[in-house]
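The file query24.cif comes next; it holds mmCIF, C-alpha atoms and all ligand atoms.
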data_run
#
loop_
_atom_site.label_atom_id
_atom_site.label_comp_id
_atom_site.auth_asym_id
_atom_site.auth_seq_id
_atom_site.Cartn_x
_atom_site.Cartn_y
_atom_site.Cartn_z
CA MET V 1 138.17 132.87 31.58
CA SER V 2 140.78 134.78 33.56
CA ARG V 3 138.95 136.72 36.24
CA LYS V 4 139.99 139.87 38.04
CA PRO V 5 140.77 139.21 41.71
CA LEU V 6 138.69 141.04 44.30
CA ARG V 7 140.78 140.62 47.45
CA VAL V 8 138.76 140.79 50.65
CA GLY V 9 140.01 141.74 54.11
CA MET V 10 137.38 140.81 56.68
CA ILE V 11 137.35 142.45 60.13
CA GLY V 12 135.42 140.47 62.76
CA TYR V 13 134.76 136.74 62.63
CA GLY V 14 131.47 136.46 64.52
CA PHE V 15 127.96 135.92 63.18
CA MET V 16 128.39 138.27 60.22
CA GLY V 17 131.98 137.21 59.61
CA ARG V 18 130.59 133.73 58.94
CA ALA V 19 127.58 134.92 56.91
CA HIS V 20 129.74 137.08 54.65
CA SER V 21 132.48 134.45 54.25
CA ASN V 22 129.83 131.99 53.14
CA ALA V 23 128.55 134.53 50.60
CA TYR V 24 132.05 135.17 49.23
CA LYS V 25 132.52 131.44 48.73
CA GLN V 26 129.16 130.98 47.01
CA VAL V 27 129.08 134.03 44.77
CA GLY V 28 131.55 132.93 42.09
CA GLN V 29 129.78 129.58 41.68
CA PHE V 30 126.23 130.88 41.39
CA PHE V 31 126.78 134.41 40.03
CA PRO V 32 129.88 134.14 37.84
CA SER V 33 131.27 137.51 36.76
CA GLU V 34 134.50 139.14 35.63
CA HIS V 35 135.65 139.20 39.26
CA GLN V 36 136.88 136.36 41.44
CA VAL V 37 136.61 136.92 45.19
CA VAL V 38 139.83 136.04 47.00
CA LEU V 39 139.66 135.62 50.78
CA LYS V 40 142.92 137.40 51.51
CA ALA V 41 142.89 138.10 55.25
CA ALA V 42 140.69 137.77 58.32
CA CYS V 43 141.23 140.04 61.29
CA ALA V 44 140.29 139.95 64.97
CA ARG V 45 142.19 140.84 68.12
CA ASN V 46 142.79 137.29 69.35
CA ALA V 47 145.17 135.31 67.12
CA ASP V 48 144.21 131.98 68.72
CA LEU V 49 140.59 132.54 67.74
CA VAL V 50 140.98 134.15 64.33
CA LYS V 51 143.45 131.51 63.04
CA PRO V 52 141.01 128.58 63.17
CA PHE V 53 138.34 130.82 61.63
CA ALA V 54 140.68 131.72 58.77
CA GLU V 55 141.56 128.05 58.22
CA GLN V 56 137.94 126.93 58.30
CA TRP V 57 136.82 129.48 55.73
CA GLY V 58 139.95 129.51 53.57
CA TYR V 59 141.44 132.96 54.30
CA GLU V 60 145.06 133.13 53.18
CA SER V 61 146.31 135.07 56.22
CA VAL V 62 145.32 136.68 59.52
CA GLU V 63 145.84 140.04 61.18
CA THR V 64 145.22 140.98 64.81
CA ASP V 65 145.22 144.75 64.27
CA TRP V 66 142.61 146.08 61.84
CA ARG V 67 144.85 149.10 61.07
CA LYS V 68 147.42 146.76 59.56
CA LEU V 69 144.82 145.02 57.47
CA VAL V 70 143.50 148.30 56.14
CA GLU V 71 147.00 149.39 55.07
CA ARG V 72 147.83 146.16 53.23
CA LYS V 73 148.53 146.62 49.53
CA ASP V 74 147.07 143.21 48.69
CA ILE V 75 143.55 144.07 49.95
CA ASP V 76 140.95 145.66 47.63
CA VAL V 77 137.82 145.53 49.82
CA VAL V 78 137.56 145.99 53.57
CA ASP V 79 134.55 144.23 55.07
CA ILE V 80 133.51 145.68 58.45
CA CYS V 81 131.83 143.02 60.62
CA THR V 82 132.57 144.48 64.04
CA PRO V 83 130.22 145.96 66.63
CA ASN V 84 128.74 149.31 65.61
CA ASN V 85 131.09 151.58 67.59
CA LEU V 86 134.01 150.58 65.33
CA HIS V 87 132.34 151.10 61.96
CA LYS V 88 133.27 154.77 61.59
CA GLU V 89 136.93 154.55 62.60
CA ILE V 90 137.59 151.56 60.37
CA ALA V 91 135.66 153.02 57.42
CA LEU V 92 137.55 156.33 57.60
CA ALA V 93 140.90 154.53 57.65
CA ALA V 94 139.86 152.23 54.81
CA ALA V 95 138.63 155.14 52.67
CA ALA V 96 141.88 157.03 53.32
CA ALA V 97 143.79 153.95 52.17
CA GLY V 98 141.71 153.88 48.97
CA LYS V 99 139.91 150.62 49.78
CA MET V 100 136.40 149.70 48.72
CA ILE V 101 134.22 149.20 51.79
CA LEU V 102 131.40 146.85 52.68
CA CYS V 103 130.10 147.88 56.10
CA GLU V 104 127.64 146.07 58.34
CA LYS V 105 124.47 147.83 59.45
CA PRO V 106 123.69 150.16 61.05
CA LEU V 107 126.15 152.32 59.12
CA ALA V 108 127.02 154.29 62.26
CA MET V 109 126.12 155.07 65.86
CA ASN V 110 124.17 158.15 64.70
CA ALA V 111 123.64 160.42 61.69
CA ALA V 112 126.53 162.77 62.54
CA GLU V 113 128.95 159.83 62.38
CA GLY V 114 127.23 158.53 59.26
CA GLN V 115 127.66 161.90 57.52
CA VAL V 116 131.42 161.85 58.18
CA MET V 117 131.58 158.34 56.71
CA VAL V 118 129.62 159.38 53.60
CA ASP V 119 131.93 162.38 53.12
CA ALA V 120 135.00 160.15 53.45
CA VAL V 121 133.95 157.51 50.88
CA GLU V 122 132.69 160.12 48.45
CA LYS V 123 135.90 162.16 48.75
CA ALA V 124 138.04 159.03 48.29
CA LYS V 125 135.73 157.86 45.45
CA VAL V 126 135.75 154.29 46.75
CA ALA V 127 132.94 151.84 46.10
CA ASN V 128 130.83 151.36 49.22
CA MET V 129 127.79 149.45 50.39
CA VAL V 130 125.97 148.66 53.66
CA TRP V 131 124.75 145.15 54.46
CA TYR V 132 121.02 145.77 54.66
CA ASN V 133 120.66 142.26 53.30
CA TYR V 134 116.88 141.84 53.62
CA ARG V 135 116.40 143.85 50.42
CA ARG V 136 117.88 140.87 48.61
CA ILE V 137 115.65 138.11 49.87
CA PRO V 138 113.89 137.19 46.59
CA ALA V 139 110.38 137.68 48.03
CA VAL V 140 111.32 141.17 49.26
CA SER V 141 112.94 142.01 45.91
CA LEU V 142 109.72 140.80 44.26
CA ALA V 143 107.75 143.22 46.46
CA LYS V 144 109.95 146.02 45.07
CA LYS V 145 109.22 144.87 41.52
CA LEU V 146 105.45 144.86 42.13
CA ILE V 147 105.59 148.37 43.57
CA GLU V 148 107.73 149.65 40.68
CA GLU V 149 105.25 148.14 38.22
CA GLY V 150 102.57 150.27 39.91
CA ARG V 151 100.48 147.26 40.91
CA LEU V 152 99.68 148.51 44.40
CA GLY V 153 98.29 151.83 43.21
CA LYS V 154 98.26 154.59 45.76
CA ILE V 155 99.86 153.36 48.99
CA PHE V 156 98.02 154.14 52.23
CA HIS V 157 99.77 152.13 54.94
CA TYR V 158 103.23 150.67 55.65
CA ARG V 159 103.39 148.47 58.74
CA ALA V 160 106.54 146.72 59.98
CA LYS V 161 107.59 144.75 63.05
CA PHE V 162 110.83 143.12 64.19
CA LEU V 163 110.24 141.01 67.28
CA GLN V 164 112.68 139.03 69.43
CA ASP V 165 112.66 137.68 72.99
CA TRP V 166 116.29 137.01 73.97
CA THR V 167 116.86 139.75 76.59
CA ILE V 168 113.87 139.13 78.87
CA LYS V 169 115.98 137.62 81.67
CA SER V 170 116.87 140.45 84.06
CA ASP V 171 120.14 138.79 85.14
CA LEU V 172 121.53 138.78 81.59
CA PRO V 173 124.66 140.96 81.70
CA GLN V 174 125.43 143.78 79.27
CA GLY V 175 128.62 144.34 77.26
CA GLY V 176 131.42 142.18 75.88
CA GLN V 177 131.42 139.32 73.38
CA GLY V 178 127.91 138.25 72.46
CA LEU V 179 126.26 140.91 74.66
CA TRP V 180 127.60 144.13 73.16
CA ARG V 181 124.11 144.82 71.74
CA LEU V 182 122.94 145.63 75.30
CA ASP V 183 125.76 148.14 75.84
CA ALA V 184 124.99 151.59 74.39
CA ALA V 185 128.71 152.42 74.17
CA ALA V 186 129.19 149.57 71.67
CA ALA V 187 125.78 149.46 69.98
CA GLY V 188 124.77 153.15 69.94
CA SER V 189 121.13 152.25 70.61
CA GLY V 190 118.99 149.20 71.27
CA VAL V 191 116.35 147.64 69.07
CA SER V 192 116.03 150.86 67.06
CA GLY V 193 119.54 150.70 65.55
CA ASP V 194 119.77 146.91 65.63
CA LEU V 195 116.37 145.82 64.32
CA LEU V 196 114.26 148.78 63.22
CA ALA V 197 117.22 149.90 61.08
CA HIS V 198 116.45 146.92 58.83
CA CYS V 199 112.72 147.73 58.74
CA ILE V 200 113.46 151.37 57.93
CA ASP V 201 115.93 150.49 55.16
CA THR V 202 113.40 148.18 53.51
CA ALA V 203 110.63 150.74 53.95
CA ILE V 204 112.42 153.69 52.36
CA TRP V 205 113.58 151.43 49.54
CA LEU V 206 110.03 150.22 48.88
CA ASN V 207 107.98 153.26 49.81
CA GLY V 208 110.23 156.33 49.63
CA ARG V 209 111.14 159.06 52.11
CA LEU V 210 109.78 159.15 55.64
CA ASP V 211 109.15 162.78 56.60
CA THR V 212 107.88 162.95 60.19
CA VAL V 213 107.86 160.56 63.14
CA CYS V 214 106.45 160.20 66.65
CA CYS V 215 108.01 157.56 68.86
CA MET V 216 108.01 155.90 72.27
CA THR V 217 110.75 153.67 73.65
CA GLU V 218 111.02 151.60 76.83
CA THR V 219 113.91 150.08 78.74
CA PHE V 220 112.29 147.31 80.77
CA VAL V 221 115.40 146.24 82.69
CA LYS V 222 117.00 149.40 84.05
CA GLU V 223 120.33 148.01 85.34
CA ARG V 224 122.49 145.08 84.33
CA MET V 225 125.91 143.81 85.32
CA HIS V 226 128.50 145.00 82.81
CA THR V 227 130.68 142.12 81.66
CA LEU V 228 133.72 144.36 81.08
CA THR V 229 133.63 146.38 84.32
CA GLY V 230 132.07 143.75 86.62
CA LYS V 231 129.77 146.48 88.01
CA VAL V 232 126.01 146.85 87.87
CA GLU V 233 125.43 149.73 85.45
CA LYS V 234 122.48 151.64 84.04
CA VAL V 235 121.09 150.19 80.80
CA GLU V 236 121.15 152.97 78.21
CA ILE V 237 119.64 151.16 75.22
CA ASP V 238 116.01 151.01 74.11
CA ASP V 239 114.59 147.51 74.76
CA ALA V 240 111.46 148.29 72.78
CA CYS V 241 110.64 151.01 70.27
CA ILE V 242 107.33 151.86 68.64
CA PHE V 243 106.86 154.69 66.21
CA MET V 244 104.39 156.06 63.74
CA GLY V 245 105.08 158.51 60.96
CA LYS V 246 104.19 159.85 57.56
CA PHE V 247 105.93 159.09 54.28
CA ALA V 248 106.46 161.73 51.59
CA ASN V 249 103.92 159.87 49.39
CA GLY V 250 101.25 160.49 52.04
CA SER V 251 101.12 156.94 53.43
CA LEU V 252 101.16 156.27 57.17
CA ALA V 253 103.97 154.41 58.93
CA ASN V 254 103.51 152.04 61.86
CA PHE V 255 106.67 150.35 63.19
CA GLU V 256 107.40 148.23 66.27
CA SER V 257 110.45 146.43 67.57
CA THR V 258 111.23 144.72 70.84
CA ARG V 259 113.39 142.03 72.42
CA TYR V 260 110.60 141.25 74.89
CA ALA V 261 108.05 139.53 72.64
CA ARG V 262 108.08 136.07 74.24
CA GLY V 263 107.99 133.38 71.57
CA HIS V 264 109.42 135.46 68.74
CA LYS V 265 113.05 134.94 67.67
CA ALA V 266 113.50 137.12 64.60
CA GLN V 267 110.04 137.87 63.36
CA TYR V 268 110.54 140.62 60.84
CA THR V 269 107.25 141.29 59.04
CA PHE V 270 105.90 144.04 56.85
CA GLU V 271 102.55 144.71 55.21
CA ILE V 272 101.82 147.40 52.64
CA ASN V 273 98.25 148.38 51.79
CA GLY V 274 97.67 150.02 48.42
CA GLU V 275 94.48 151.00 46.66
CA ASP V 276 94.73 148.08 44.22
CA MET V 277 96.84 145.53 46.08
CA SER V 278 98.13 144.67 49.56
CA ILE V 279 101.33 142.69 50.07
CA SER V 280 102.89 141.18 53.16
CA TRP V 281 106.06 139.30 54.05
CA ASP V 282 107.36 137.40 57.07
CA LEU V 283 111.02 136.50 57.67
CA HIS V 284 109.95 133.24 59.34
CA ASP V 285 108.50 132.21 55.98
CA LEU V 286 110.93 134.18 53.88
CA HIS V 287 110.41 132.57 50.49
CA ARG V 288 106.73 133.54 50.38
CA LEU V 289 105.10 136.85 49.47
CA GLN V 290 101.42 137.22 50.33
CA ILE V 291 99.34 139.33 48.00
CA PHE V 292 95.73 140.46 47.80
CA ASP V 293 94.99 141.69 44.28
CA TYR V 294 91.83 143.78 44.18
CA LYS V 295 91.98 143.80 40.35
CA THR V 296 91.21 140.09 40.25
CA GLU V 297 87.53 139.47 39.41
CA SER V 298 85.53 139.63 42.64
CA LYS V 299 84.47 135.97 42.88
CA LEU V 300 88.13 134.85 42.83
CA ARG V 301 89.58 137.63 44.98
CA ALA V 302 91.60 136.33 47.95
CA TRP V 303 94.90 136.60 49.78
CA SER V 304 97.30 134.32 47.95
CA SER V 305 100.77 133.15 48.76
CA ILE V 306 103.45 133.33 46.08
CA HIS V 307 106.16 130.71 46.51
CA VAL V 308 109.04 132.86 45.25
CA THR V 309 111.06 130.07 43.65
CA ASP V 310 110.36 130.40 39.93
CA ASN V 311 113.66 130.13 38.08
CA GLY V 312 112.26 131.20 34.73
CA GLY V 313 113.43 134.78 35.17
CA GLU V 314 110.30 136.16 36.83
CA HIS V 315 111.42 135.87 40.45
CA PRO V 316 114.48 137.94 41.38
CA TYR V 317 117.76 135.99 41.69
CA MET V 318 116.03 132.59 41.37
CA ASP V 319 117.29 131.88 37.83
CA LYS V 320 120.72 131.33 39.41
CA TRP V 321 119.59 128.66 41.88
CA TRP V 322 117.68 125.38 41.72
CA VAL V 323 114.54 124.20 39.94
CA PRO V 324 111.10 125.82 40.53
CA GLY V 325 109.61 124.99 43.92
CA LEU V 326 112.94 124.72 45.73
CA ALA V 327 113.57 127.59 48.13
CA VAL V 328 116.75 129.42 49.07
CA GLY V 329 117.36 130.81 52.56
CA TYR V 330 118.58 133.72 54.70
CA ASP V 331 122.22 133.06 53.78
CA THR V 332 121.64 133.75 50.09
CA SER V 333 120.58 137.36 50.74
CA PHE V 334 124.26 138.01 51.50
CA THR V 335 125.36 136.14 48.35
CA HIS V 336 122.97 138.27 46.31
CA GLN V 337 124.39 141.39 47.92
CA VAL V 338 127.98 140.49 46.97
CA ALA V 339 126.82 139.62 43.44
CA ASP V 340 125.15 143.03 43.16
CA PHE V 341 128.18 144.83 44.61
CA ILE V 342 130.31 143.22 41.89
CA LYS V 343 127.67 144.09 39.29
CA GLY V 344 128.00 147.71 40.45
CA LEU V 345 131.77 147.59 39.90
CA GLU V 346 131.39 146.05 36.46
CA THR V 347 128.57 148.27 35.17
CA GLY V 348 129.75 151.50 36.82
CA THR V 349 126.30 151.91 38.43
CA PRO V 350 126.73 151.51 42.20
CA GLN V 351 124.13 149.21 43.74
CA GLY V 352 122.49 150.31 46.97
CA PRO V 353 122.32 150.70 49.78
CA THR V 354 125.42 152.88 49.53
CA PHE V 355 126.70 154.75 52.58
CA ARG V 356 124.64 157.73 51.38
CA ASP V 357 121.47 155.61 51.19
CA ALA V 358 122.16 154.22 54.67
CA LEU V 359 122.64 157.73 56.04
CA GLU V 360 118.91 158.29 55.47
CA THR V 361 118.18 155.39 57.82
CA GLN V 362 120.47 156.99 60.43
CA GLN V 363 118.60 160.29 60.08
CA ILE V 364 115.30 158.50 60.70
CA LEU V 365 116.80 156.64 63.69
CA ASP V 366 117.99 159.95 65.17
CA ALA V 367 114.55 161.46 64.62
CA ILE V 368 112.69 158.61 66.33
CA LEU V 369 115.02 158.66 69.34
CA ASP V 370 114.70 162.47 69.56
CA SER V 371 110.93 162.09 69.45
CA ALA V 372 110.94 159.45 72.19
CA LYS V 373 112.97 161.80 74.36
CA SER V 374 111.00 164.98 73.67
CA GLN V 375 107.63 163.19 73.43
CA LYS V 376 106.93 165.32 70.36
CA TRP V 377 106.58 164.77 66.62
CA VAL V 378 109.95 165.25 64.87
CA THR V 379 110.71 166.12 61.24
CA VAL V 380 113.40 163.87 59.79
CA ALA V 381 116.54 165.83 58.81
CA LYS V 382 117.38 165.72 55.11
P1 LIG V 401 129.66 139.30 66.82
O1 LIG V 401 129.75 139.72 68.24
O2 LIG V 401 129.20 137.93 66.47
O3 LIG V 401 131.07 139.53 66.10
C1 LIG V 401 131.79 140.73 66.24
C2 LIG V 401 133.21 140.48 65.83
O4 LIG V 401 133.94 141.70 65.92
C3 LIG V 401 133.94 139.47 66.73
O5 LIG V 401 134.62 138.56 65.91
C4 LIG V 401 134.91 140.34 67.50
O6 LIG V 401 136.07 139.63 67.86
C5 LIG V 401 135.21 141.41 66.47
N1 LIG V 401 135.81 142.61 67.02
C6 LIG V 401 135.37 143.36 68.07
N2 LIG V 401 136.25 144.36 68.29
C7 LIG V 401 137.24 144.24 67.37
C8 LIG V 401 138.43 144.98 67.10
N3 LIG V 401 138.79 146.04 67.83
N4 LIG V 401 139.23 144.57 66.07
C9 LIG V 401 138.89 143.50 65.33
N5 LIG V 401 137.78 142.76 65.54
C10 LIG V 401 136.96 143.13 66.56
O7 LIG V 401 128.75 140.39 66.11
P2 LIG V 401 127.87 140.22 64.81
O8 LIG V 401 126.53 139.68 65.17
O9 LIG V 401 128.65 139.57 63.75
O10 LIG V 401 127.65 141.79 64.46
C11 LIG V 401 128.66 142.54 63.82
C12 LIG V 401 128.00 143.67 63.02
O11 LIG V 401 127.10 143.09 62.09
C13 LIG V 401 127.18 144.64 63.85
O12 LIG V 401 127.33 145.92 63.32
C14 LIG V 401 125.74 144.15 63.68
O13 LIG V 401 124.78 145.19 63.81
C15 LIG V 401 125.77 143.62 62.28
N6 LIG V 401 124.81 142.52 62.04
C16 LIG V 401 124.07 142.55 60.90
C17 LIG V 401 123.20 141.54 60.58
C18 LIG V 401 122.40 141.62 59.33
O14 LIG V 401 121.35 141.03 59.27
N7 LIG V 401 122.85 142.33 58.30
C19 LIG V 401 123.04 140.36 61.46
C20 LIG V 401 123.89 140.41 62.64
C21 LIG V 401 124.74 141.45 62.90
C1 LIG V 402 120.06 140.66 66.55
O1 LIG V 402 119.77 139.47 67.21
C2 LIG V 402 120.22 140.43 65.05
O2 LIG V 402 121.25 139.52 64.83
C3 LIG V 402 120.54 141.77 64.37
O3 LIG V 402 121.79 142.29 64.78
C4 LIG V 402 120.51 141.57 62.86
O4 LIG V 402 120.77 142.77 62.20
C5 LIG V 402 119.18 140.97 62.43
O5 LIG V 402 119.22 140.71 61.05
C6 LIG V 402 118.90 139.68 63.15
O6 LIG V 402 118.99 139.91 64.54
#
Output the file's structure in the form of structure tokens.
Amino acid sequence: MSRKPLRVGMIGYGFMGRAHSNAYKQVGQFFPSEHQVVLKAACARNADLVKPFAEQWGYESVETDWRKLVERKDIDVVDICTPNNLHKEIALAAAAAGKMILCEKPLAMNAAEGQVMVDAVEKAKVANMVWYNYRRIPAVSLAKKLIEEGRLGKIFHYRAKFLQDWTIKSDLPQGGQGLWRLDAAAAGSGVSGDLLAHCIDTAIWLNGRLDTVCCMTETFVKERMHTLTGKVEKVEIDDACIFMGKFANGSLANFESTRYARGHKAQYTFEINGEDMSISWDLHDLHRLQIFDYKTESKLRAWSSIHVTDNGGEHPYMDKWWVPGLAVGYDTSFTHQVADFIKGLETGTPQGPTFRDALETQQILDAILDSAKSQKWVTVAK
């Protein structure tokens, strides 16, 4: 079968550059479609570093200026894998050049920036998506299916946490390669935009709009040496963020994120309590979905753990992988996302989260940070 090339220009070759490249290489093998991904160009500022990356992953060429990459006629999709402060500028240039865009999360530094990005892709009519990849972990996609089937009944509570412990050391610098997440100028915010953004995206996908929020944040280490300036500077990001809120469906929200939870590396968990069923999920055990089904006869009622590896068509995405009982991992959430992006191109029904979907997450992030500042309840802008 002759397949239509989908020529990717990747900007940034760090953690996500690798995760996405891996997905592009896997997708055609496991999710064959009318399109064939072609790794056309990888871009980063340092030629000596980007060249070996391009060779390792099979990119045909390199660029050291993202503006050049965006203008290239032989690129169809621009993939933005840079720190957050560059997402908007690159996305606007890519949209103006008529490129499809896959942008890493969070979409933007704030909702105002996000709105400009939404306007640009919608005006240019270019396909767009944001890499909130956790939606596409099969156990999380199964949670969506159970909710859509109405199995939970009325939902009362949505609880989510994203816990890490890598910034506890007070002599850890801020800024620059590897540490840009501690620098508000590059990251926009701290754990809210970096970690809670994922929890919020999953939550609004599973449970609908969040209307009002009340939040507290803390910055435990107030000053850190800035790698780029060599000076000790004020830390402007939130190290920890806890908020509660109310969803449009009447359920209560309870969210927490921190980089100061000693012992936790990337513990993203959520639990949803409905009238008829509760479900919970843990990234550290990502192929399992825990359920408590109240409709089961009382003597057999218990929390049970679904091993989400059935390839008979019942468990999302699993028919494309191995035999029942054999799990897939974190990396495949990105493969599933590329497969769905291509499906969107081929069916004409864009698959989310689009830039517009991700703008809602930015509006919630703005609201929680406003609330932390004002110490008041805040209504999320629509
Ligand atoms: P990283 O620090 O590992 O890589 C960033 C890359 O951007 C580096 O290759 C750097 O050279 C490049 N870069 C910086 N400025 C540039 C410029 N002016 N021109 C070209 N390249 C430039 O960062 P990481 O972890 O890959 O994060 C990148 C983005 O991905 C962030 O927005 C982050 O929030 C998001 N992310 C998303 C994850 C997810 O689960 N979906 C996981 C990790 C990060
Ligand atoms: C931070 O350590 C980080 O890499 C986030 O940037 C990602 O979005 C999250 O998926 C894992 O943790």
Measuring between all atoms listed in the file, which one of V:Gln362, V:Ser141, V:Asn254, V:Asn133 shows the shortest distance to ligand LIG 401 (chain V)? V:Asn133
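When atom CA of V:Lys145 is paired with atom CA of V:Val308, their separation reads 12.6 Å.
The space between atom CA of V:Asp211 and atom CA of V:Lys123 spans 27.9 Å.
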Ligand LIG 402 (chain V): which residues are within 9 Å, counting all atoms listed in the file? Reply as a short mmCIF file (atom, residue, chain, number, x, y, z; two decimals) with C-alpha atoms, in the frame of the given file.
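Final output, part09.cif:
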data_model
loop_
_atom_site.label_atom_id
_atom_site.label_comp_id
_atom_site.auth_asym_id
_atom_site.auth_seq_id
_atom_site.Cartn_x
_atom_site.Cartn_y
_atom_site.Cartn_z
CA PHE V 15 127.96 135.92 63.18
CA MET V 16 128.39 138.27 60.22
CA GLU V 104 127.64 146.07 58.34
CA LYS V 105 124.47 147.83 59.45
CA PRO V 106 123.69 150.16 61.05
CA TYR V 132 121.02 145.77 54.66
CA ASN V 133 120.66 142.26 53.30
CA TYR V 134 116.88 141.84 53.62
CA PHE V 162 110.83 143.12 64.19
CA GLN V 164 112.68 139.03 69.43
CA TRP V 166 116.29 137.01 73.97
CA ARG V 181 124.11 144.82 71.74
CA VAL V 191 116.35 147.64 69.07
CA GLY V 193 119.54 150.70 65.55
CA ASP V 194 119.77 146.91 65.63
CA LEU V 195 116.37 145.82 64.32
CA LEU V 196 114.26 148.78 63.22
CA ALA V 197 117.22 149.90 61.08
CA HIS V 198 116.45 146.92 58.83
CA ARG V 259 113.39 142.03 72.42
CA LYS V 265 113.05 134.94 67.67
CA ALA V 266 113.50 137.12 64.60
CA TYR V 268 110.54 140.62 60.84
#
Fewer than 4 positions away in the same chain doesn't count, so skip those; otherwise give me all residues within 10 Å of V:Lys382, counting all atoms listed in the file, as a count of residues only. 6
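Taking only C-alpha atoms and all ligand atoms into account, ligand LIG 401 (chain V) has within 7 Å the residues V:Ile11, V:Gly12, V:Tyr13, V:Gly14, V:Phe15, V:Met16, V:Gly17, V:Cys43, V:Ala44, V:Arg45, V:Thr64, V:Asp65, V:Trp66, V:Cys81, V:Thr82, V:Pro83, V:Asn84, V:Glu104, V:Lys105, V:Pro106, V:Trp131, V:Tyr132, V:Asn133, V:Gln177, V:Gly178, V:Trp180, V:Asp194.
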Using only C-alpha atoms, which residues sit within 12 Å of V:Thr347 once same-chain residues fewer than 5 positions away are excluded, as a PyMOL selection string? chain V and resi 33-34+340-342
Do a neighbour search on stretch 313-324 of chain V at 12 Å with all atoms listed in the file, toss out local chain neighbours closer than 3 positions, and write the hits as a PyMOL selection string. chain V and resi 26-32+135-146+287-289+306-310+327-329+332-337+339-340
Okay, now the selection with C-alpha atoms, as a PDB file, keeping the file's coordinate frame?
ATOM      1  CA  GLN V  26     129.160 130.980  47.010  1.00  0.00           C
ATOM      2  CA  VAL V  27     129.080 134.030  44.770  1.00  0.00           C
ATOM      3  CA  GLY V  28     131.550 132.930  42.090  1.00  0.00           C
ATOM      4  CA  GLN V  29     129.780 129.580  41.680  1.00  0.00           C
ATOM      5  CA  PHE V  30     126.230 130.880  41.390  1.00  0.00           C
ATOM      6  CA  PHE V  31     126.780 134.410  40.030  1.00  0.00           C
ATOM      7  CA  PRO V  32     129.880 134.140  37.840  1.00  0.00           C
ATOM      8  CA  ARG V 135     116.400 143.850  50.420  1.00  0.00           C
ATOM      9  CA  ARG V 136     117.880 140.870  48.610  1.00  0.00           C
ATOM     10  CA  ILE V 137     115.650 138.110  49.870  1.00  0.00           C
ATOM     11  CA  PRO V 138     113.890 137.190  46.590  1.00  0.00           C
ATOM     12  CA  ALA V 139     110.380 137.680  48.030  1.00  0.00           C
ATOM     13  CA  VAL V 140     111.320 141.170  49.260  1.00  0.00           C
ATOM     14  CA  SER V 141     112.940 142.010  45.910  1.00  0.00           C
ATOM     15  CA  LEU V 142     109.720 140.800  44.260  1.00  0.00           C
ATOM     16  CA  ALA V 143     107.750 143.220  46.460  1.00  0.00           C
ATOM     17  CA  LYS V 144     109.950 146.020  45.070  1.00  0.00           C
ATOM     18  CA  LYS V 145     109.220 144.870  41.520  1.00  0.00           C
ATOM     19  CA  LEU V 146     105.450 144.860  42.130  1.00  0.00           C
ATOM     20  CA  HIS V 287     110.410 132.570  50.490  1.00  0.00           C
ATOM     21  CA  ARG V 288     106.730 133.540  50.380  1.00  0.00           C
ATOM     22  CA  LEU V 289     105.100 136.850  49.470  1.00  0.00           C
ATOM     23  CA  ILE V 306     103.450 133.330  46.080  1.00  0.00           C
ATOM     24  CA  HIS V 307     106.160 130.710  46.510  1.00  0.00           C
ATOM     25  CA  VAL V 308     109.040 132.860  45.250  1.00  0.00           C
ATOM     26  CA  THR V 309     111.060 130.070  43.650  1.00  0.00           C
ATOM     27  CA  ASP V 310     110.360 130.400  39.930  1.00  0.00           C
ATOM     28  CA  ALA V 327     113.570 127.590  48.130  1.00  0.00           C
ATOM     29  CA  VAL V 328     116.750 129.420  49.070  1.00  0.00           C
ATOM     30  CA  GLY V 329     117.360 130.810  52.560  1.00  0.00           C
ATOM     31  CA  THR V 332     121.640 133.750  50.090  1.00  0.00           C
ATOM     32  CA  SER V 333     120.580 137.360  50.740  1.00  0.00           C
ATOM     33  CA  PHE V 334     124.260 138.010  51.500  1.00  0.00           C
ATOM     34  CA  THR V 335     125.360 136.140  48.350  1.00  0.00           C
ATOM     35  CA  HIS V 336     122.970 138.270  46.310  1.00  0.00           C
ATOM     36  CA  GLN V 337     124.390 141.390  47.920  1.00  0.00           C
ATOM     37  CA  ALA V 339     126.820 139.620  43.440  1.00  0.00           C
ATOM     38  CA  ASP V 340     125.150 143.030  43.160  1.00  0.00           C
TER      39      ASP V 340
END
Would you list the contacts of V:Thr269 as an mmCIF file with C-alpha atoms, in the frame of the given file, taking every protein, DNA or RNA residue within 7 Å and counting only C-alpha atoms, but skipping same-chain residues closer than 6 positions in sequence?
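Okay, part20.cif is ready:
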data_model
loop_
_atom_site.group_PDB
_atom_site.id
_atom_site.type_symbol
_atom_site.label_atom_id
_atom_site.label_comp_id
_atom_site.auth_asym_id
_atom_site.auth_seq_id
_atom_site.Cartn_x
_atom_site.Cartn_y
_atom_site.Cartn_z
ATOM 1 C CA ALA V 160 106.540 146.720 59.980
ATOM 2 C CA LYS V 161 107.590 144.750 63.050
ATOM 3 C CA PHE V 162 110.830 143.120 64.190
ATOM 4 C CA TRP V 281 106.060 139.300 54.050
ATOM 5 C CA ASP V 282 107.360 137.400 57.070
ATOM 6 C CA LEU V 283 111.020 136.500 57.670
#
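A straight-line distance of 22.3 Å separates atom CA of V:Lys4 from atom CA of V:Ala54.
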Report, as lines of an AutoDock Vina configuration file, the axis-aligned box around all atoms of stretch 322-326 of chain V present in the file, extended by 5 Å on each side; give centre and edge lengths in Å to one decimal place.
center_x = 113.6
center_y = 125.0
center_z = 42.8
size_x = 18.1
size_y = 11.6
size_z = 15.8
